[in-house]
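Below: query05.txt (compact mmCIF, C-alpha atoms)
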```txt
# COMPACT_ATOMS: atom_id res chain seq x y z
CA MET A 8 111.81 -28.58 -11.71
CA TYR A 9 115.43 -28.18 -10.69
CA GLN A 10 116.11 -26.67 -7.27
CA THR A 11 119.51 -25.23 -6.38
CA ASP A 12 120.09 -27.67 -3.54
CA MET A 13 119.59 -30.73 -5.76
CA TYR A 14 122.39 -32.98 -6.97
CA GLU A 15 122.81 -32.97 -10.72
CA GLY A 16 125.11 -34.92 -13.00
CA MET A 17 125.24 -36.53 -16.41
CA VAL A 18 127.42 -38.62 -18.66
CA ALA A 19 127.58 -37.88 -22.38
CA GLU A 20 129.64 -40.01 -24.71
CA THR A 21 129.87 -41.74 -28.05
CA ILE A 22 128.73 -45.36 -27.98
CA THR A 23 128.04 -48.04 -30.55
CA MET A 24 124.67 -49.69 -31.09
CA HIS A 25 122.93 -51.97 -33.55
CA GLY A 26 121.02 -50.17 -36.29
CA ALA A 27 119.30 -51.23 -39.49
CA ASN A 28 120.15 -54.76 -40.66
CA GLY A 29 122.02 -55.33 -37.40
CA ASP A 30 124.79 -52.95 -38.52
CA VAL A 31 126.91 -51.51 -35.74
CA ILE A 32 126.76 -47.72 -35.93
CA ASN A 33 127.82 -45.02 -33.52
CA ALA A 34 125.52 -42.82 -31.49
CA TYR A 35 125.77 -39.99 -29.00
CA PHE A 36 124.33 -40.96 -25.65
CA ALA A 37 123.65 -38.53 -22.80
CA ARG A 38 122.10 -39.73 -19.57
CA PRO A 39 121.48 -38.38 -16.11
CA LEU A 40 123.56 -39.99 -13.38
CA GLY A 41 121.65 -42.17 -10.98
CA ALA A 42 119.57 -45.33 -11.04
CA GLY A 43 116.49 -43.68 -12.46
CA PRO A 44 114.31 -45.05 -13.77
CA PHE A 45 114.36 -42.49 -16.59
CA PRO A 46 112.30 -42.34 -19.77
CA GLY A 47 114.23 -42.65 -23.03
CA MET A 48 114.36 -40.32 -26.02
CA VAL A 49 115.75 -41.03 -29.47
CA LEU A 50 116.89 -37.90 -31.31
CA ILE A 51 116.88 -38.00 -35.12
CA HIS A 52 119.36 -35.48 -36.46
CA HIS A 53 118.60 -33.14 -39.34
CA LEU A 54 119.94 -33.06 -42.91
CA PRO A 55 122.85 -30.76 -41.90
CA GLY A 56 124.13 -33.77 -40.06
CA TRP A 57 125.04 -35.30 -36.76
CA ASP A 58 126.36 -31.97 -35.68
CA GLU A 59 127.11 -29.88 -32.60
CA TRP A 60 123.52 -28.67 -32.29
CA TYR A 61 122.33 -32.28 -32.05
CA ARG A 62 124.93 -33.12 -29.44
CA GLU A 63 123.74 -30.14 -27.43
CA ALA A 64 120.11 -31.11 -27.89
CA THR A 65 120.93 -34.64 -26.75
CA ARG A 66 122.50 -33.26 -23.57
CA LYS A 67 119.48 -30.97 -23.13
CA PHE A 68 117.18 -33.98 -22.97
CA ALA A 69 119.50 -35.62 -20.44
CA HIS A 70 119.45 -32.41 -18.44
CA HIS A 71 115.68 -32.72 -18.35
CA GLY A 72 115.87 -36.28 -17.06
CA TYR A 73 115.87 -38.44 -20.19
CA LEU A 74 118.17 -41.18 -21.40
CA ALA A 75 118.88 -39.45 -24.70
CA LEU A 76 120.35 -41.28 -27.67
CA SER A 77 121.14 -39.75 -31.04
CA PRO A 78 122.19 -42.35 -33.63
CA ASN A 79 124.52 -41.27 -36.43
CA LEU A 80 122.26 -41.92 -39.41
CA TYR A 81 125.16 -41.08 -41.74
CA PHE A 82 127.56 -43.61 -40.20
CA ARG A 83 127.74 -45.67 -43.37
CA GLU A 84 128.76 -42.67 -45.48
CA GLY A 85 132.26 -42.57 -44.03
CA HIS A 86 133.78 -40.24 -41.48
CA GLY A 87 134.96 -36.68 -41.47
CA THR A 88 133.60 -33.42 -40.15
CA PRO A 89 129.81 -33.48 -39.72
CA GLU A 90 129.53 -30.92 -42.54
CA ASP A 91 131.61 -32.92 -45.00
CA VAL A 92 129.70 -36.12 -44.28
CA ALA A 93 126.35 -34.32 -44.46
CA ALA A 94 127.32 -32.68 -47.76
CA GLN A 95 127.94 -36.13 -49.20
CA VAL A 96 124.53 -37.31 -48.01
CA ARG A 97 122.89 -34.13 -49.31
CA ALA A 98 124.34 -34.81 -52.75
CA ALA A 99 123.05 -38.37 -52.59
CA GLY A 100 119.49 -37.24 -51.86
CA GLY A 101 119.51 -38.21 -48.19
CA VAL A 102 119.49 -41.69 -46.69
CA ALA A 103 116.83 -44.30 -47.42
CA ASP A 104 113.75 -44.26 -45.20
CA ALA A 105 114.04 -47.98 -44.49
CA GLN A 106 117.63 -47.63 -43.28
CA ALA A 107 116.83 -44.59 -41.10
CA MET A 108 113.86 -46.38 -39.55
CA GLY A 109 116.03 -49.39 -38.78
CA ASP A 110 118.62 -47.22 -37.08
CA VAL A 111 116.00 -45.39 -35.01
CA GLU A 112 114.34 -48.67 -34.05
CA GLY A 113 117.74 -49.94 -32.93
CA ALA A 114 118.19 -46.86 -30.77
CA MET A 115 114.75 -47.37 -29.21
CA ARG A 116 115.53 -51.01 -28.42
CA HIS A 117 118.90 -50.03 -26.98
CA LEU A 118 117.29 -47.55 -24.61
CA ARG A 119 114.53 -49.90 -23.56
CA SER A 120 117.07 -52.59 -22.72
CA LEU A 121 118.79 -50.40 -20.13
CA PRO A 122 118.12 -51.11 -16.46
CA THR A 123 117.83 -47.37 -15.88
CA CYS A 124 114.98 -46.99 -18.40
CA ASN A 125 111.42 -46.70 -17.13
CA GLY A 126 110.19 -48.65 -20.15
CA LYS A 127 108.92 -45.64 -22.08
CA VAL A 128 110.72 -44.24 -25.11
CA GLY A 129 109.89 -41.21 -27.25
CA VAL A 130 111.35 -39.90 -30.48
CA PHE A 131 112.25 -36.33 -31.49
CA GLY A 132 113.43 -34.98 -34.81
CA THR A 133 113.82 -31.74 -36.72
CA CYS A 134 113.83 -31.03 -40.45
CA SER A 135 114.39 -34.37 -42.25
CA GLY A 136 114.45 -35.88 -38.75
CA GLY A 137 110.95 -34.51 -38.16
CA ARG A 138 109.72 -36.33 -41.23
CA GLN A 139 111.51 -39.50 -40.13
CA THR A 140 109.94 -39.10 -36.68
CA VAL A 141 106.45 -39.23 -38.19
CA LEU A 142 107.49 -42.17 -40.31
CA VAL A 143 109.03 -44.22 -37.53
CA ALA A 144 106.18 -43.49 -35.12
CA SER A 145 103.85 -44.95 -37.76
CA ARG A 146 105.90 -47.90 -38.98
CA VAL A 147 107.82 -49.10 -35.93
CA PRO A 148 105.82 -50.24 -32.90
CA GLY A 149 107.21 -49.38 -29.50
CA PHE A 150 107.31 -45.60 -29.22
CA ASP A 151 105.27 -43.85 -26.55
CA ALA A 152 105.48 -40.27 -27.85
CA ALA A 153 106.78 -38.49 -30.96
CA VAL A 154 107.86 -34.89 -31.55
CA ASP A 155 108.00 -33.63 -35.13
CA CYS A 156 109.66 -30.25 -35.47
CA TRP A 157 109.00 -28.73 -38.92
CA GLY A 158 109.43 -31.97 -40.81
CA GLY A 159 108.74 -31.33 -44.49
CA ARG A 160 107.83 -33.92 -47.10
CA VAL A 161 105.39 -35.59 -44.71
CA VAL A 162 102.94 -34.65 -47.45
CA MET A 163 104.47 -35.61 -50.81
CA SER A 164 103.22 -35.55 -54.37
CA GLN A 165 103.78 -38.53 -56.63
CA GLU A 166 106.64 -36.62 -58.27
CA ASP A 167 108.37 -36.22 -54.89
CA LEU A 168 108.56 -39.98 -54.26
CA THR A 169 111.95 -41.57 -54.82
CA GLU A 170 113.54 -44.96 -54.39
CA LYS A 171 114.82 -43.80 -51.00
CA GLN A 172 111.55 -42.17 -50.00
CA PRO A 173 108.98 -44.40 -51.69
CA VAL A 174 105.93 -43.51 -49.56
CA ALA A 175 104.73 -40.21 -48.09
CA PRO A 176 104.58 -40.45 -44.28
CA ILE A 177 101.05 -39.00 -44.28
CA ASP A 178 99.89 -42.16 -46.06
CA TYR A 179 100.78 -44.14 -42.92
CA THR A 180 98.70 -41.94 -40.59
CA ASN A 181 96.32 -44.74 -39.74
CA ASP A 182 99.29 -46.73 -38.41
CA LEU A 183 100.54 -44.00 -36.05
CA THR A 184 101.06 -45.78 -32.76
CA CYS A 185 101.68 -42.95 -30.27
CA PRO A 186 100.72 -39.35 -29.47
CA LEU A 187 102.33 -36.81 -31.82
CA LEU A 188 103.45 -33.26 -31.06
CA GLY A 189 104.10 -31.03 -34.07
CA LEU A 190 105.80 -27.63 -34.00
CA PHE A 191 105.78 -25.53 -37.16
CA GLY A 192 106.66 -22.04 -38.35
CA GLU A 193 103.96 -20.22 -40.24
CA GLU A 194 106.54 -18.85 -42.69
CA ASP A 195 108.08 -22.23 -43.48
CA GLN A 196 108.13 -23.22 -47.14
CA ALA A 197 108.40 -26.93 -46.35
CA PRO A 198 106.17 -27.83 -44.70
CA THR A 199 103.81 -25.10 -45.80
CA LEU A 200 100.84 -24.25 -43.59
CA ALA A 201 98.60 -25.95 -46.14
CA GLN A 202 100.63 -29.17 -45.77
CA VAL A 203 100.50 -28.92 -41.97
CA ASP A 204 96.73 -28.49 -42.24
CA GLU A 205 96.51 -31.52 -44.52
CA HIS A 206 98.50 -33.63 -42.07
CA GLU A 207 96.33 -32.44 -39.18
CA ALA A 208 93.18 -33.30 -41.11
CA ALA A 209 94.50 -36.82 -41.67
CA LEU A 210 95.29 -37.22 -37.96
CA LYS A 211 91.79 -36.07 -37.08
CA ALA A 212 90.19 -38.33 -39.64
CA HIS A 213 91.98 -41.34 -38.18
CA GLY A 214 91.21 -40.37 -34.59
CA LYS A 215 94.85 -39.99 -33.57
CA THR A 216 96.11 -38.21 -30.46
CA TYR A 217 98.11 -35.19 -31.56
CA GLU A 218 98.95 -31.61 -30.68
CA PHE A 219 100.01 -29.15 -33.40
CA HIS A 220 101.34 -25.63 -32.78
CA ARG A 221 101.92 -23.08 -35.51
CA TYR A 222 104.20 -20.16 -34.69
CA ALA A 223 103.82 -16.70 -36.23
CA ASP A 224 106.96 -14.86 -37.37
CA ALA A 225 108.86 -18.13 -37.57
CA GLY A 226 110.01 -20.23 -40.49
CA HIS A 227 111.98 -23.44 -40.76
CA GLY A 228 114.33 -24.36 -37.94
CA PHE A 229 113.42 -21.70 -35.42
CA PHE A 230 115.18 -23.60 -32.58
CA TYR A 231 118.61 -23.29 -34.28
CA TYR A 232 120.35 -20.50 -32.37
CA ASP A 233 123.26 -20.66 -34.83
CA ARG A 234 121.14 -19.92 -37.91
CA PRO A 235 119.28 -16.79 -39.03
CA ALA A 236 116.02 -18.73 -38.68
CA TYR A 237 116.33 -18.65 -34.87
CA ARG A 238 113.36 -17.06 -33.09
CA GLN A 239 113.96 -16.65 -29.39
CA GLU A 240 110.39 -16.30 -28.13
CA GLN A 241 109.03 -19.11 -30.30
CA ALA A 242 111.95 -21.40 -29.47
CA VAL A 243 111.53 -20.93 -25.72
CA ASP A 244 107.82 -21.66 -25.97
CA GLY A 245 108.44 -24.60 -28.29
CA TRP A 246 110.92 -26.27 -25.93
CA GLN A 247 108.44 -25.84 -23.08
CA LYS A 248 105.77 -27.53 -25.15
CA VAL A 249 108.16 -30.38 -25.97
CA PHE A 250 108.99 -31.11 -22.34
CA THR A 251 105.39 -30.69 -21.15
CA PHE A 252 104.22 -33.12 -23.83
CA LEU A 253 106.91 -35.67 -23.00
CA ALA A 254 106.27 -35.43 -19.26
CA THR A 255 102.64 -36.27 -19.96
CA HIS A 256 103.35 -39.31 -22.10
CA LEU A 257 106.65 -40.74 -20.86
CA SER A 258 106.35 -40.47 -17.08
CA THR A 259 105.56 -43.49 -14.99
CA MET B 12 113.15 -28.66 -45.13
CA CYS B 13 115.50 -30.47 -47.39
CA THR B 14 114.61 -30.08 -51.04
CA MET B 15 116.60 -33.13 -52.20
CA ILE B 16 117.40 -31.21 -55.41
CA SER B 17 120.76 -32.60 -56.43
CA HIS B 18 122.79 -33.05 -59.60
CA GLN B 19 126.27 -34.39 -60.14
CA ALA B 20 128.79 -33.42 -62.82
CA LYS B 21 131.69 -35.75 -63.50
CA ILE B 22 134.70 -33.47 -63.76
CA PHE B 23 138.45 -33.58 -64.10
CA GLY B 24 140.53 -31.03 -62.26
CA SER B 25 142.19 -30.10 -58.99
CA GLY B 26 140.81 -28.46 -55.89
CA LYS B 27 142.49 -27.03 -52.82
CA GLY B 28 141.00 -28.28 -49.57
CA THR B 29 142.05 -28.06 -45.95
CA ALA B 30 144.88 -30.53 -46.55
CA GLY B 31 146.14 -28.96 -49.78
CA TRP B 32 145.55 -29.77 -53.42
CA PHE B 33 143.81 -32.94 -54.47
CA GLU B 34 142.36 -34.42 -57.64
CA LEU B 35 138.67 -33.78 -58.28
CA ASN B 36 136.37 -36.28 -59.97
CA ALA B 37 132.90 -34.86 -59.32
CA ALA B 38 131.01 -31.67 -58.58
CA ASN B 39 127.84 -32.09 -56.55
CA VAL B 40 125.39 -29.28 -57.23
CA THR B 41 122.46 -28.97 -54.83
CA TYR B 42 119.78 -26.44 -54.01
CA ASP B 43 119.26 -27.28 -50.37
CA HIS B 44 120.27 -26.29 -46.84
CA PRO B 45 123.70 -24.61 -46.75
CA PHE B 46 126.02 -24.77 -43.74
CA HIS B 47 127.33 -21.23 -43.60
CA ILE B 48 125.63 -18.61 -45.80
CA ARG B 49 122.73 -16.96 -43.99
CA LEU B 50 120.03 -18.47 -46.18
CA GLU B 51 117.57 -21.29 -45.64
CA HIS B 52 118.43 -22.73 -49.04
CA ALA B 53 121.35 -21.97 -51.34
CA LEU B 54 123.00 -23.16 -54.53
CA ASN B 55 125.73 -25.36 -53.12
CA ILE B 56 128.63 -26.75 -55.12
CA ASP B 57 130.86 -29.38 -53.56
CA PHE B 58 133.94 -30.20 -55.62
CA VAL B 59 134.91 -33.65 -54.40
CA ASN B 60 136.96 -36.76 -54.91
CA GLU B 61 134.53 -39.50 -53.98
CA ALA B 62 137.27 -42.10 -53.59
CA ALA B 63 139.11 -40.01 -50.99
CA GLY B 64 136.33 -39.76 -48.39
CA PRO B 65 133.99 -36.99 -47.23
CA GLY B 66 136.86 -34.65 -46.33
CA ALA B 67 138.04 -34.35 -49.94
CA ARG B 68 135.71 -31.44 -50.60
CA VAL B 69 135.93 -27.84 -51.70
CA ALA B 70 132.64 -26.18 -50.85
CA VAL B 71 130.93 -23.03 -52.05
CA GLU B 72 127.47 -21.79 -51.10
CA LEU B 73 125.95 -19.16 -53.37
CA THR B 74 122.82 -17.11 -53.67
CA PRO B 75 120.76 -18.19 -56.70
CA GLU B 76 121.54 -14.91 -58.47
CA SER B 77 125.27 -15.17 -57.97
CA ALA B 78 125.23 -18.83 -59.03
CA ARG B 79 123.58 -17.88 -62.33
CA GLU B 80 126.08 -15.08 -62.79
CA LEU B 81 128.91 -17.52 -62.15
CA ALA B 82 127.50 -20.05 -64.61
CA HIS B 83 127.18 -17.38 -67.30
CA LYS B 84 130.70 -16.13 -66.69
CA ILE B 85 132.15 -19.65 -66.86
CA LEU B 86 130.45 -20.25 -70.20
CA ALA B 87 131.44 -16.82 -71.52
CA THR B 88 135.04 -17.41 -70.51
CA LEU B 89 135.12 -20.78 -72.22
CA ASP B 90 133.48 -19.36 -75.34
CA GLN B 91 136.10 -16.66 -75.53
CA ALA B 92 138.93 -19.12 -74.92
CA GLU B 93 137.54 -21.43 -77.58
CA GLY B 94 137.19 -18.53 -80.01
CA ASP B 95 140.81 -17.61 -79.43
CA GLY B 96 141.96 -21.18 -80.07
CA TRP B 97 143.09 -22.04 -76.54
CA LEU B 98 140.95 -25.06 -75.69
CA HIS B 99 143.22 -27.64 -77.35
CA GLU B 100 145.35 -27.47 -74.16
CA HIS B 101 142.85 -29.34 -72.00
CA HIS B 102 143.34 -32.51 -74.02
CA GLU B 103 146.99 -32.51 -73.03
CA ALA B 104 146.14 -32.04 -69.32
CA GLN B 105 143.85 -35.06 -69.30
CA GLU B 106 146.41 -37.36 -70.93
```

Spit out the file's structure as C-alpha cells when you get a sec.
Amino acid sequence: MYQTDMYEGMVAETITMHGANGDVINAYFARPLGAGPFPGMVLIHHLPGWDEWYREATRKFAHHGYLALSPNLYFREGHGTPEDVAAQVRAAGGVADAQAMGDVEGAMRHLRSLPTCNGKVGVFGTCSGGRQTVLVASRVPGFDAAVDCWGGRVVMSQEDLTEKQPVAPIDYTNDLTCPLLGLFGEEDQAPTLAQVDEHEAALKAHGKTYEFHRYADAGHGFFYYDRPAYRQEQAVDGWQKVFTFLATHLST
Amino acid sequence: MCTMISHQAKIFGSGKGTAGWFELNAANVTYDHPFHIRLEHALNIDFVNEAAGPGARVAVELTPESARELAHKILATLDQAEGDGWLHEHHEAQE
C-alpha cells in the first residue's frame, strides 16, 4: 500500500518485441522505476483496439508494482488511429487465435527475460482479450495467474467456430496451467450467465484453481469509464479483486 | 463481447474522410462493438479503400432501427431513380 512518504516513479513507452512466428511487433511497456524484482503482467487489449484505455490500464498495473506489457495484437494490420485499425480488424472477424497466442507468449517471454522480473508473469484481458486470456493460459505454459474480464465466446457452439477461432477455449479447460480469476456482469449478453456457469462447471470438473465473481447491475465492459457500460461500484470492487488475486499468485 | 458478425460489399464511389475525398472500394458492414454511439453493439458501416491503409475510412454507427430505415430509403431512392430512367448515368461514372 502506497504511503505518502514513499518514492514513486515509472517509465511508460512503446517498445518492440518478438511475437508470433518471431515477428517483430510493437508493445506498450510500463514499469516501476527501481531494481525490483517485480512480477510481470501481459495485458491483452480488447476488440476496440490497442487504445487509450489499454495504455492507461498498462500504467495502472505499473503503478501497482508490475512490469506491464501490452502487445499490439493488430500490428500486422497496418497503422493509423487505434479506431481505424480496430475497425479493419473488426471487419475481418478479429485476429487468428494462433497468432494472438504467439504474440502473448512473446510478451510473457520478454517480461521473464528482464533482470527486474521476479520470474512470475500473469495475463489480463477484457472482452476478446478475456477470451484470449483463457486460451493462452490453457495452451501456453509459463503463466502464473490469469484474469479474464467478461471474455465471451469461451463457450462456443459448432456454428461459432471459424478458421481463425477453430476451438472453443472451454474445450481446453483440462490444460489450464494457472489460477484463473473471472469477472462478469450479470446483464452481459456475451458471456451470458449460463455460459459463465458452464465454464465454471468445467473448471470444477477438472479440479482447476479459479475464482469467479458475477456482478449485479453490470453488463459487458463495466470497467470502461468512457463507455455507458461503466459501473463505478462494481469497477472499484473488480479492480480490488484483480490486485488481491495477483498479489496472491505473483508475489515472491 | 465481439459478435464477429461482418459482411463486406465491394463498392465503387467516393468518400470524404479526415484528409478529404478518396476513392472507395469496399463497405464493411458489422454488427459489433461501436466506438462512439452509446450502445454495446451497433450496425457499423465503414466505407474504406483497403489499398490506402486503415485511415482511408468513413465510419457510421447506427442503431438497428435506423440502419433498416436507411437501407429501405436507399432501395426506395434507387427504385424511384430507376423508374424515372436515371440509372444509365452510373455506367458512365464507372468508365

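All polymer residues at most 7 Å from (143.5, -38.9, -54.7), using all atoms listed in the file, appear as B:Phe33, B:Glu34, B:Asn60, B:Ala63.
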
_Which residue is closest to Trp60 (chain A)? Choose from A:Gly41, A:Gly228, A:Gly245, A:Pro176 and count all atoms listed in the file._
A:Gly228

*Surrounding residues of Thr21 (chain A) excluding itself and chain neighbours under 5 positions, 7 Å, all atoms listed in the file, as an MDAnalysis selection string*: chainID A and resid 33:36

*Pick from B:Leu73, B:Ala30, B:Leu81, B:Ala92, whichever lies nearest to Ile48 (chain B) using only C-alpha atoms*: B:Leu73

Check every residue of chain B for an atom within 8 Å of chain A, counting only C-alpha atoms, and provide those that qualify as a short mmCIF file (atom, residue, chain, number, x, y, z; two decimals) with C-alpha atoms, keeping the file's coordinate frame.
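Now in selection.cif:
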```
data_model
loop_
_atom_site.label_atom_id
_atom_site.label_comp_id
_atom_site.auth_asym_id
_atom_site.auth_seq_id
_atom_site.Cartn_x
_atom_site.Cartn_y
_atom_site.Cartn_z
CA MET B 12 113.15 -28.66 -45.13
CA CYS B 13 115.50 -30.47 -47.39
CA MET B 15 116.60 -33.13 -52.20
CA ILE B 16 117.40 -31.21 -55.41
CA SER B 17 120.76 -32.60 -56.43
CA HIS B 18 122.79 -33.05 -59.60
CA GLN B 19 126.27 -34.39 -60.14
CA ASN B 39 127.84 -32.09 -56.55
CA VAL B 40 125.39 -29.28 -57.23
CA THR B 41 122.46 -28.97 -54.83
CA ASP B 43 119.26 -27.28 -50.37
CA HIS B 44 120.27 -26.29 -46.84
CA PRO B 45 123.70 -24.61 -46.75
CA PHE B 46 126.02 -24.77 -43.74
CA ARG B 49 122.73 -16.96 -43.99
CA LEU B 50 120.03 -18.47 -46.18
CA GLU B 51 117.57 -21.29 -45.64
CA ASP B 57 130.86 -29.38 -53.56
CA GLY B 64 136.33 -39.76 -48.39
CA PRO B 65 133.99 -36.99 -47.23
CA GLY B 66 136.86 -34.65 -46.33
CA ARG B 68 135.71 -31.44 -50.60
#
```

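Take CA of His47 (chain B) and CA of Pro75 (chain B): the distance between them is 15.0 Å.
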
*Nearby residues (all atoms listed in the file) at most 10 Å from Thr259 (chain A), same-chain spacing under 4 positions excluded, as a PyMOL selection string*: chain A and resi 44-46+125-127+254-255

I need every residue sitting at most 6 Å from the point (119.7, -36.2, -31.3) (coordinates as in the file, all atoms listed in the file considered), written as a compact mmCIF listing (two decimals) with C-alpha atoms, keeping the file's coordinate frame.
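Ended up saving to out-v4.txt:
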```txt
# COMPACT_ATOMS: atom_id res chain seq x y z
CA LEU A 50 116.89 -37.90 -31.31
CA ILE A 51 116.88 -38.00 -35.12
CA HIS A 52 119.36 -35.48 -36.46
CA TYR A 61 122.33 -32.28 -32.05
CA THR A 65 120.93 -34.64 -26.75
CA SER A 77 121.14 -39.75 -31.04
```

_Atom-to-atom span, CA of Phe191 (chain A) and CA of Val154 (chain A), Å_ = 11.1 Å

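CA of Asp178 (chain A) lies 9.5 Å from CA of His206 (chain A).
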
_Nearest to Leu183 (chain A), chosen from A:Gln165, A:Thr199, A:Ser145, A:Glu240, with all atoms listed in the file counted in the distances_ = A:Ser145

*Which residue gives the smallest distance to Asn79 (chain A) among A:Pro148, A:Pro39, A:Pro186, A:Gly113, with all atoms listed in the file counted?*
A:Gly113
